[in-house]
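*Asks:* Enclosed is the structure file target.cif (mmCIF, C-alpha atoms and all ligand atoms).
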data_run
#
loop_
_atom_site.label_atom_id
_atom_site.label_comp_id
_atom_site.auth_asym_id
_atom_site.auth_seq_id
_atom_site.Cartn_x
_atom_site.Cartn_y
_atom_site.Cartn_z
CA MET A 1 131.99 118.82 108.12
CA GLY A 2 132.73 122.52 108.31
CA ARG A 3 130.50 125.04 109.96
CA LEU A 4 131.45 128.04 107.89
CA GLU A 5 129.09 130.93 107.71
CA THR A 6 128.76 133.98 105.57
CA ILE A 7 126.67 137.01 106.39
CA LEU A 8 126.51 137.86 102.73
CA GLU A 9 123.25 137.35 100.95
CA SER A 10 124.63 136.07 97.76
CA PRO A 11 126.72 132.97 97.09
CA GLN A 12 128.18 134.86 94.11
CA ILE A 13 129.91 137.42 96.33
CA TRP A 14 131.30 134.73 98.61
CA LEU A 15 132.65 132.82 95.59
CA ARG A 16 134.28 135.94 94.20
CA ASN A 17 135.99 136.67 97.51
CA GLU A 18 137.00 133.13 98.44
CA ARG A 19 137.60 131.53 95.04
CA PRO A 20 137.23 128.04 96.53
CA ASP A 21 138.80 125.20 94.59
CA GLU A 22 136.58 122.61 96.28
CA PRO A 23 132.83 122.17 95.82
CA ILE A 24 130.67 124.25 98.17
CA PHE A 25 127.09 123.69 99.30
CA PHE A 26 125.32 126.91 100.25
CA PHE A 27 122.60 126.34 102.85
CA ASN A 28 119.82 128.91 103.08
CA PRO A 29 118.03 128.44 106.43
CA GLU A 30 115.40 131.11 105.65
CA GLN A 31 114.37 129.17 102.58
CA LEU A 32 114.06 125.99 104.67
CA ARG A 33 111.95 127.84 107.26
CA ALA A 34 109.59 128.99 104.51
CA THR A 35 109.19 125.48 103.09
CA ALA A 36 108.65 124.02 106.57
CA GLN A 37 105.92 126.60 107.21
CA HIS A 38 104.33 125.77 103.86
CA PHE A 39 104.04 122.11 104.89
CA LEU A 40 103.00 122.91 108.47
CA SER A 41 100.24 125.31 107.44
CA GLY A 42 99.08 123.48 104.31
CA PHE A 43 99.22 119.78 105.14
CA PRO A 44 96.09 118.57 106.98
CA GLY A 45 97.92 116.55 109.64
CA GLU A 46 101.29 115.97 111.28
CA VAL A 47 104.39 116.95 109.28
CA THR A 48 107.44 114.78 109.93
CA TYR A 49 110.75 114.91 108.10
CA ALA A 50 112.47 111.97 106.38
CA VAL A 51 116.02 112.36 107.64
CA LYS A 52 117.71 110.40 104.86
CA ALA A 53 117.16 113.19 102.31
CA ASN A 54 119.57 115.45 104.16
CA PRO A 55 120.75 114.56 107.67
CA HIS A 56 122.91 117.67 108.15
CA ILE A 57 122.62 118.70 111.77
CA ASP A 58 121.84 122.35 110.92
CA VAL A 59 118.97 121.23 108.68
CA LEU A 60 117.51 119.16 111.52
CA ALA A 61 117.98 122.08 113.92
CA VAL A 62 116.12 124.55 111.72
CA LEU A 63 113.24 122.10 111.24
CA ALA A 64 113.05 121.59 115.02
CA GLU A 65 112.98 125.37 115.54
CA GLU A 66 110.13 125.67 113.06
CA GLY A 67 108.07 123.17 115.03
CA VAL A 68 108.73 119.81 113.37
CA THR A 69 108.64 117.38 116.31
CA ALA A 70 108.57 113.98 114.61
CA PHE A 71 111.09 112.44 112.21
CA ASP A 72 111.14 109.45 109.88
CA VAL A 73 114.36 107.59 110.65
CA ALA A 74 115.73 104.46 109.01
CA SER A 75 118.78 103.60 111.14
CA PRO A 76 120.16 103.98 114.67
CA ASP A 77 122.57 106.61 113.35
CA GLU A 78 119.67 108.77 112.15
CA MET A 79 117.97 108.30 115.53
CA MET A 80 121.09 109.57 117.27
CA ARG A 81 121.29 112.63 115.02
CA VAL A 82 117.68 113.58 115.69
CA ARG A 83 118.04 113.05 119.44
CA GLN A 84 121.10 115.34 119.40
CA VAL A 85 119.00 118.17 118.05
CA LEU A 86 115.65 117.46 119.70
CA PRO A 87 115.95 115.06 122.65
CA ASN A 88 112.22 114.41 122.93
CA ALA A 89 111.44 114.15 119.22
CA ARG A 90 109.07 111.37 118.20
CA LEU A 91 110.84 108.85 116.00
CA HIS A 92 109.03 106.90 113.30
CA TYR A 93 111.15 103.90 112.38
CA HIS A 94 109.81 103.42 108.86
CA ASN A 95 112.45 101.15 107.43
CA PRO A 96 110.47 97.89 107.32
CA ILE A 97 113.55 95.62 107.43
CA ARG A 98 115.49 95.69 110.71
CA SER A 99 118.07 93.44 112.32
CA ARG A 100 117.35 92.24 115.83
CA ASP A 101 120.20 94.39 117.11
CA GLU A 102 118.69 97.43 115.41
CA ILE A 103 115.31 96.67 116.97
CA ALA A 104 116.93 96.55 120.42
CA LEU A 105 118.71 99.87 119.81
CA ALA A 106 115.53 101.48 118.49
CA ARG A 107 113.73 100.46 121.69
CA LEU A 108 116.47 102.20 123.67
CA TYR A 109 115.90 105.29 121.52
CA GLY A 110 112.20 105.11 122.36
CA VAL A 111 110.85 104.76 118.82
CA ALA A 112 107.17 105.78 118.67
CA SER A 113 106.03 104.02 115.50
CA TRP A 114 107.26 101.12 113.36
CA SER A 115 106.38 100.17 109.80
CA VAL A 116 105.87 96.58 108.69
CA ASP A 117 105.34 95.01 105.26
CA ARG A 118 105.66 91.28 105.95
CA MET A 119 104.63 88.84 108.65
CA SER A 120 108.16 87.71 109.50
CA GLU A 121 109.19 91.28 110.41
CA LEU A 122 106.04 91.72 112.51
CA ASP A 123 106.98 88.53 114.36
CA LYS A 124 110.51 89.86 114.90
CA LEU A 125 109.07 92.80 116.85
CA GLY A 126 107.68 90.42 119.49
CA ASP A 127 105.28 92.04 121.95
CA ILE A 128 103.60 95.03 120.28
CA THR A 129 100.93 95.73 122.88
CA GLY A 130 100.01 99.42 122.73
CA VAL A 131 102.66 100.16 120.08
CA GLU A 132 101.80 101.92 116.81
CA ILE A 133 102.47 99.69 113.81
CA ALA A 134 102.04 101.21 110.34
CA VAL A 135 101.40 98.59 107.69
CA ARG A 136 103.15 99.64 104.49
CA PHE A 137 101.48 98.67 101.24
CA LYS A 138 102.16 99.27 97.58
CA LEU A 139 100.19 99.78 94.38
CA PRO A 140 101.31 99.79 90.76
CA VAL A 141 100.80 103.56 90.33
CA ALA A 142 102.90 105.80 88.11
CA GLY A 143 103.84 109.43 88.59
CA ALA A 144 107.15 109.31 90.42
CA ALA A 145 110.72 109.50 89.15
CA TYR A 146 111.14 105.79 89.70
CA ASP A 147 109.18 102.93 91.22
CA PHE A 148 109.42 102.82 95.02
CA GLY A 149 107.36 99.63 95.19
CA THR A 150 110.10 97.29 93.98
CA LYS A 151 111.71 96.97 97.40
CA PHE A 152 109.17 97.65 100.13
CA GLY A 153 105.43 97.43 100.56
CA ALA A 154 102.90 94.61 100.97
CA GLU A 155 100.42 93.79 98.23
CA PRO A 156 96.92 94.89 99.33
CA GLU A 157 95.85 91.33 100.20
CA LEU A 158 98.80 90.85 102.54
CA ALA A 159 98.24 94.33 103.98
CA VAL A 160 94.73 93.26 105.03
CA ALA A 161 96.17 90.25 106.85
CA LEU A 162 98.93 92.30 108.49
CA LEU A 163 96.54 94.96 109.69
CA ALA A 164 94.17 92.40 111.19
CA GLU A 165 97.13 90.70 112.87
CA VAL A 166 98.42 93.98 114.34
CA ALA A 167 94.99 94.60 115.88
CA LYS A 168 94.78 91.00 117.16
CA ARG A 169 98.17 91.29 118.86
CA GLY A 170 97.15 94.48 120.67
CA GLY A 171 99.13 96.92 118.50
CA VAL A 172 97.82 100.31 117.38
CA PRO A 173 96.94 99.82 113.71
CA SER A 174 98.02 102.47 111.23
CA MET A 175 98.93 102.43 107.56
CA THR A 176 101.60 103.98 105.41
CA PHE A 177 102.71 104.14 101.78
CA HIS A 178 105.21 106.00 99.62
CA PRO A 179 104.05 107.06 96.16
CA GLY A 180 107.65 107.27 94.89
CA THR A 181 110.05 110.15 95.06
CA GLN A 182 109.66 113.34 92.96
CA CYS A 183 105.97 112.58 92.32
CA HIS A 184 104.18 115.42 90.53
CA ASP A 185 100.96 113.47 90.10
CA ALA A 186 98.42 114.11 92.88
CA GLN A 187 96.40 111.16 91.56
CA ALA A 188 99.05 108.82 92.98
CA TRP A 189 98.05 109.92 96.50
CA VAL A 190 94.35 109.67 95.61
CA SER A 191 94.77 106.05 94.45
CA TYR A 192 96.78 105.09 97.52
CA ILE A 193 94.38 106.72 100.00
CA GLY A 194 91.35 105.08 98.36
CA LYS A 195 93.03 101.68 98.57
CA ALA A 196 94.08 102.27 102.20
CA ALA A 197 90.42 102.82 103.09
CA GLU A 198 89.46 99.56 101.33
CA ILE A 199 92.21 97.62 103.08
CA ALA A 200 91.17 98.93 106.51
CA ARG A 201 87.54 98.02 105.83
CA ALA A 202 88.49 94.53 104.66
CA ALA A 203 90.56 94.04 107.82
CA ARG A 204 87.69 95.44 109.95
CA VAL A 205 90.12 97.79 111.60
CA GLN A 206 89.75 101.44 112.54
CA LEU A 207 93.02 103.12 111.57
CA ARG A 208 94.63 105.37 114.16
CA ARG A 209 96.74 107.15 111.56
CA LEU A 210 97.38 107.16 107.83
CA ASN A 211 100.87 108.21 106.75
CA VAL A 212 100.83 109.46 103.16
CA GLY A 213 104.56 109.23 102.78
CA GLY A 214 107.11 111.43 101.14
CA GLY A 215 107.32 111.81 97.38
CA PHE A 216 106.44 115.52 97.31
CA PRO A 217 108.22 116.94 94.26
CA ALA A 218 111.03 119.45 94.04
CA HIS A 219 111.73 122.03 91.35
CA ARG A 220 114.30 120.12 89.22
CA CYS A 221 113.49 121.11 85.66
CA ASP A 222 110.80 123.33 84.09
CA ARG A 223 107.91 122.00 86.07
CA MET A 224 107.07 123.79 89.32
CA PRO A 225 105.88 121.61 92.20
CA ASP A 226 102.26 122.14 93.22
CA LEU A 227 102.21 121.22 96.92
CA ASP A 228 98.86 122.91 97.54
CA GLY A 229 97.28 120.91 94.72
CA ILE A 230 98.58 117.70 96.29
CA PHE A 231 97.33 118.72 99.77
CA ALA A 232 93.88 119.45 98.33
CA ALA A 233 93.80 116.08 96.55
CA ILE A 234 94.76 114.33 99.79
CA ILE A 235 91.94 116.07 101.71
CA GLY A 236 89.42 115.09 99.04
CA ALA A 237 90.59 111.48 98.88
CA VAL A 238 90.44 111.05 102.67
CA LYS A 239 86.88 112.40 102.71
CA ASN A 240 85.88 110.05 99.91
CA GLY A 241 87.55 106.99 101.35
CA PHE A 242 86.91 107.35 105.07
CA GLY A 243 83.82 109.58 105.30
CA ASP A 244 83.06 110.81 108.81
CA ALA A 245 85.64 108.68 110.64
CA PRO A 246 88.96 109.63 109.04
CA PRO A 247 92.28 108.56 110.54
CA LYS A 248 94.71 111.28 111.62
CA LEU A 249 97.07 112.08 108.76
CA VAL A 250 100.86 112.14 108.76
CA CYS A 251 103.30 113.02 105.98
CA GLU A 252 107.05 112.45 105.83
CA PRO A 253 108.57 114.61 103.09
CA GLY A 254 112.29 114.38 102.43
CA ARG A 255 113.02 115.86 99.02
CA GLY A 256 110.08 118.29 99.02
CA MET A 257 111.25 119.75 102.32
CA VAL A 258 114.97 120.27 101.70
CA SER A 259 115.70 120.37 97.98
CA GLU A 260 115.33 124.11 97.61
CA CYS A 261 117.46 125.20 100.56
CA PHE A 262 120.80 124.06 99.11
CA THR A 263 122.74 125.34 96.09
CA LEU A 264 125.92 123.59 94.96
CA ALA A 265 128.78 125.64 93.53
CA LEU A 266 131.17 123.72 91.29
CA ARG A 267 134.23 125.03 89.54
CA VAL A 268 135.29 124.52 85.94
CA LYS A 269 138.68 122.76 85.94
CA ALA A 270 139.17 122.47 82.21
CA LEU A 271 137.28 122.62 78.93
CA THR A 272 137.33 121.13 75.47
CA ASP A 273 135.09 122.12 72.57
CA GLU A 274 132.46 119.58 73.59
CA ALA A 275 133.00 119.03 77.29
CA VAL A 276 133.63 120.64 80.66
CA PHE A 277 135.46 119.03 83.56
CA LEU A 278 134.07 120.05 86.97
CA ASN A 279 135.40 119.57 90.49
CA ASP A 280 132.47 117.31 91.45
CA GLY A 281 129.94 115.05 89.76
CA ILE A 282 127.91 111.87 90.07
CA TYR A 283 130.18 110.39 92.74
CA GLY A 284 129.74 113.55 94.83
CA GLY A 285 126.95 116.07 95.22
CA LEU A 286 125.26 115.18 91.92
CA ASN A 287 125.09 111.52 92.88
CA GLU A 288 121.39 110.95 92.28
CA TRP A 289 121.43 112.54 88.83
CA ARG A 290 122.63 109.20 87.51
CA ASP A 291 119.19 107.81 88.42
CA LEU A 292 116.95 110.88 88.07
CA GLY A 293 118.55 112.40 84.98
CA THR A 294 120.33 115.70 84.51
CA GLY A 295 118.66 118.67 86.23
CA GLU A 296 118.26 121.97 84.46
CA ARG A 297 118.61 124.74 87.02
CA VAL A 298 122.22 125.73 86.47
CA ASP A 299 123.67 129.26 86.42
CA LEU A 300 127.11 130.50 85.55
CA VAL A 301 129.16 132.70 87.87
CA THR A 302 132.18 134.30 86.26
CA PRO A 303 134.83 135.93 88.44
CA GLU A 304 134.15 139.21 86.61
CA PHE A 305 130.41 139.04 87.24
CA GLY A 306 129.67 139.67 83.64
CA LYS A 307 126.13 139.35 82.41
CA GLN A 308 125.30 135.76 81.60
CA PRO A 309 125.37 135.17 77.86
CA ASP A 310 121.90 134.24 76.63
CA LYS A 311 123.19 131.66 74.25
CA ARG A 312 123.58 128.19 75.67
CA VAL A 313 125.52 125.29 74.18
CA ASP A 314 125.10 121.63 75.09
CA ARG A 315 128.19 120.22 76.72
CA ILE A 316 129.16 116.87 78.14
CA VAL A 317 129.89 117.30 81.85
CA PHE A 318 132.62 115.20 83.42
CA GLY A 319 133.36 114.98 87.13
CA PRO A 320 136.82 115.03 88.72
CA THR A 321 137.54 111.33 89.23
CA CYS A 322 139.52 109.04 86.92
CA ASP A 323 136.51 106.80 86.34
CA SER A 324 135.19 107.08 82.79
CA LEU A 325 131.60 106.65 84.05
CA ASP A 326 132.02 109.94 85.92
CA ARG A 327 129.83 112.07 83.66
CA LEU A 328 126.30 113.45 83.83
CA PRO A 329 123.70 111.23 82.14
CA SER A 330 122.97 113.78 79.43
CA PRO A 331 124.64 116.97 78.16
CA LEU A 332 123.93 120.20 80.00
CA PRO A 333 123.03 123.41 78.14
CA LEU A 334 125.72 125.73 79.51
CA PRO A 335 126.21 129.41 78.78
CA ASP A 336 128.41 130.08 75.80
CA GLY A 337 131.79 131.48 76.71
CA ILE A 338 132.23 129.53 79.93
CA ALA A 339 135.90 129.52 80.99
CA GLU A 340 138.33 127.72 83.28
CA GLY A 341 137.92 128.94 86.86
CA ASP A 342 134.25 129.91 86.42
CA TYR A 343 131.69 128.52 88.83
CA LEU A 344 128.42 126.79 88.07
CA LEU A 345 125.57 127.10 90.58
CA PHE A 346 123.29 124.07 90.77
CA HIS A 347 120.03 125.21 92.40
CA GLY A 348 117.52 123.10 94.32
CA ILE A 349 120.12 120.49 95.23
CA GLY A 350 119.44 119.92 98.96
CA ALA A 351 117.98 116.42 98.74
CA TYR A 352 120.05 113.24 98.30
CA SER A 353 123.17 115.26 97.47
CA LEU A 354 125.31 115.83 100.58
CA ALA A 355 123.67 112.68 101.96
CA GLN A 356 124.88 110.52 99.07
CA ALA A 357 128.18 112.15 98.17
CA THR A 358 131.08 109.70 98.30
CA ARG A 359 134.76 110.50 98.76
CA PHE A 360 135.71 108.35 95.76
CA ASN A 361 139.16 109.21 94.39
CA GLY A 362 139.55 111.88 97.08
CA TYR A 363 136.72 114.07 95.77
CA GLY A 364 133.07 114.60 96.72
CA ALA A 365 131.30 117.74 98.01
CA GLN A 366 131.35 118.00 101.82
CA GLU A 367 131.68 121.68 102.75
CA VAL A 368 128.54 123.59 103.77
CA VAL A 369 128.44 127.36 103.96
CA THR A 370 125.39 128.79 105.72
CA LEU A 371 123.88 131.97 104.32
CA ARG A 372 122.86 134.42 107.04
CA ARG A 373 120.87 137.58 106.59
C1 LIG B 401 112.90 108.18 101.63
C2 LIG B 401 111.64 108.10 102.38
C3 LIG B 401 110.82 109.23 102.50
C4 LIG B 401 111.15 110.55 101.82
O1 LIG B 401 110.93 110.44 100.46
P1 LIG B 401 111.01 111.74 99.52
O2 LIG B 401 110.66 111.23 98.18
O3 LIG B 401 112.40 112.26 99.62
O4 LIG B 401 110.03 112.73 100.04
C5 LIG B 401 109.68 109.13 103.27
N1 LIG B 401 109.34 107.96 103.86
C6 LIG B 401 110.09 106.85 103.76
C7 LIG B 401 109.65 105.61 104.45
C8 LIG B 401 111.25 106.88 103.01
O5 LIG B 401 111.99 105.77 102.91
#
Written as structure tokens, how would this file's structure read?

*Replies:*
Amino acid sequence: MGRLETILESPQIWLRNERPDEPIFFFNPEQLRATAQHFLSGFPGEVTYAVKANPHIDVLAVLAEEGVTAFDVASPDEMMRVRQVLPNARLHYHNPIRSRDEIALARLYGVASWSVDRMSELDKLGDITGVEIAVRFKLPVAGAAYDFGTKFGAEPELAVALLAEVAKRGGVPSMTFHPGTQCHDAQAWVSYIGKAAEIARAARVQLRRLNVGGGFPAHRCDRMPDLDGIFAAIIGAVKNGFGDAPPKLVCEPGRGMVSECFTLALRVKALTDEAVFLNDGIYGGLNEWRDLGTGERVDLVTPEFGKQPDKRVDRIVFGPTCDSLDRLPSPLPLPDGIAEGDYLLFHGIGAYSLAQATRFNGYGAQEVVTLRR
């Protein structure tokens, strides 16, 4: 991965000077600092970062500088990355399925908290005396881009049993959930927090901490995310559910933290009347668009810097590989008059883009250019 930098404020100027033929991610650290501060000042508890959304080392470094000291990690590789940047970071190992070898490695890394959603995985952990165990549960709530409950999470009844068992074995009982990624609906958190309180009561356990997950939305299409509205709903729901003895709160945003700090610049390779062929697509930096649908925040950069034409025309967008599935899930309204060699800027693309880009067919966005003031 390159560590190019530009002191120029605008990706447009860099593109005009460099005319790159490969896809370029522009990373804006100031934007990331602002989002981190929004979470740190607005969220009523500890803010951790879910590394899988974007594990780029510079992203982790900026978050550490801003005061994020705990990270949600899912693999030994993510633990190593975080330790590289912040040797004494607290690691929350919130992937509830782990091999025995991974458990041994995680112990070497000094993991501070583990999540569990089934008895067999709790057993695998062996002696948990004094160790924080967050029981992950799921509810059939809507609001997210897709259902996160199909893989992980105990049904409430099992969560009661797990929580009681954690306490019995001398662990530190906590709970966690994930409302689903790109969740605009604050009610999803309200439902989950209410149910967490019920589960803790049924298990006769005082929770040390309640982790309200990731899921915080990004600005993908028209709708602006309302983080403050979600924070307020969380505060209200905790008061309602837990009264005077609330657990400490934790959140673990991935998408909501990093989406806005990356812009992806792609070049037009060729055009037909109906379609454009770009130098990257769903096998590269736009990987998750296959599942989430086509985003809408796309601008045109022409080498001449002409004014963008107001008129937009729907076009099919193909990526660079020879696979016929390599196209965006729906047409993109692109400025009329787009030409070969022009660039398209895809805004708000920092989450699950670089992290998921493959090198299929010798393509796939990898290069990151950091914008400095
Ligand atoms: C992926 C993940 C997150 C981050 O989810 P976002 O929707 O990107 O905020 C948080 N916690 C866990 C356990 C995850 O697996």

*Asks:* Kindly provide, as an MDAnalysis selection string, all nucleotide and amino acid residues lying within 6 Å of ligand LIG 401 (chain B), counting only C-alpha atoms and all ligand atoms.

*Replies:* chainID A and resid 50 53 94 180:182 213:216 252:256

*Asks:* Which protein, DNA or RNA residues have an atom at most 7 Å from (134.9, 127.0, 83.8), counting all atoms listed in the file? List them as an NGL selection string.

*Replies:* :A and (267-271 or 338-343)

*Asks:* Could you write out as lines of an AutoDock Vina configuration file the box around region 166-176 of chain A (axis-aligned, all atoms listed in the file, 6 Å on each side), with centre and edge lengths in Å to one decimal?

*Replies:*
center_x = 98.2
center_y = 97.5
center_z = 113.0
size_x = 18.8
size_y = 25.0
size_z = 27.3

*Asks:* For CA of Asp185 (chain A) and CA of Asn54 (chain A), quote the distance in Å rounded to one decimal.

*Replies:* 23.4 Å

*Asks:* Can you pull out every residue within 9 Å of Ile234 (chain A), counting all atoms listed in the file, but drop anything in the same chain fewer than 2 positions away, and send it as an NGL selection string?

*Replies:* :A and (43-44 or 186-187 or 189-190 or 193 or 212 or 229-232 or 236-239)
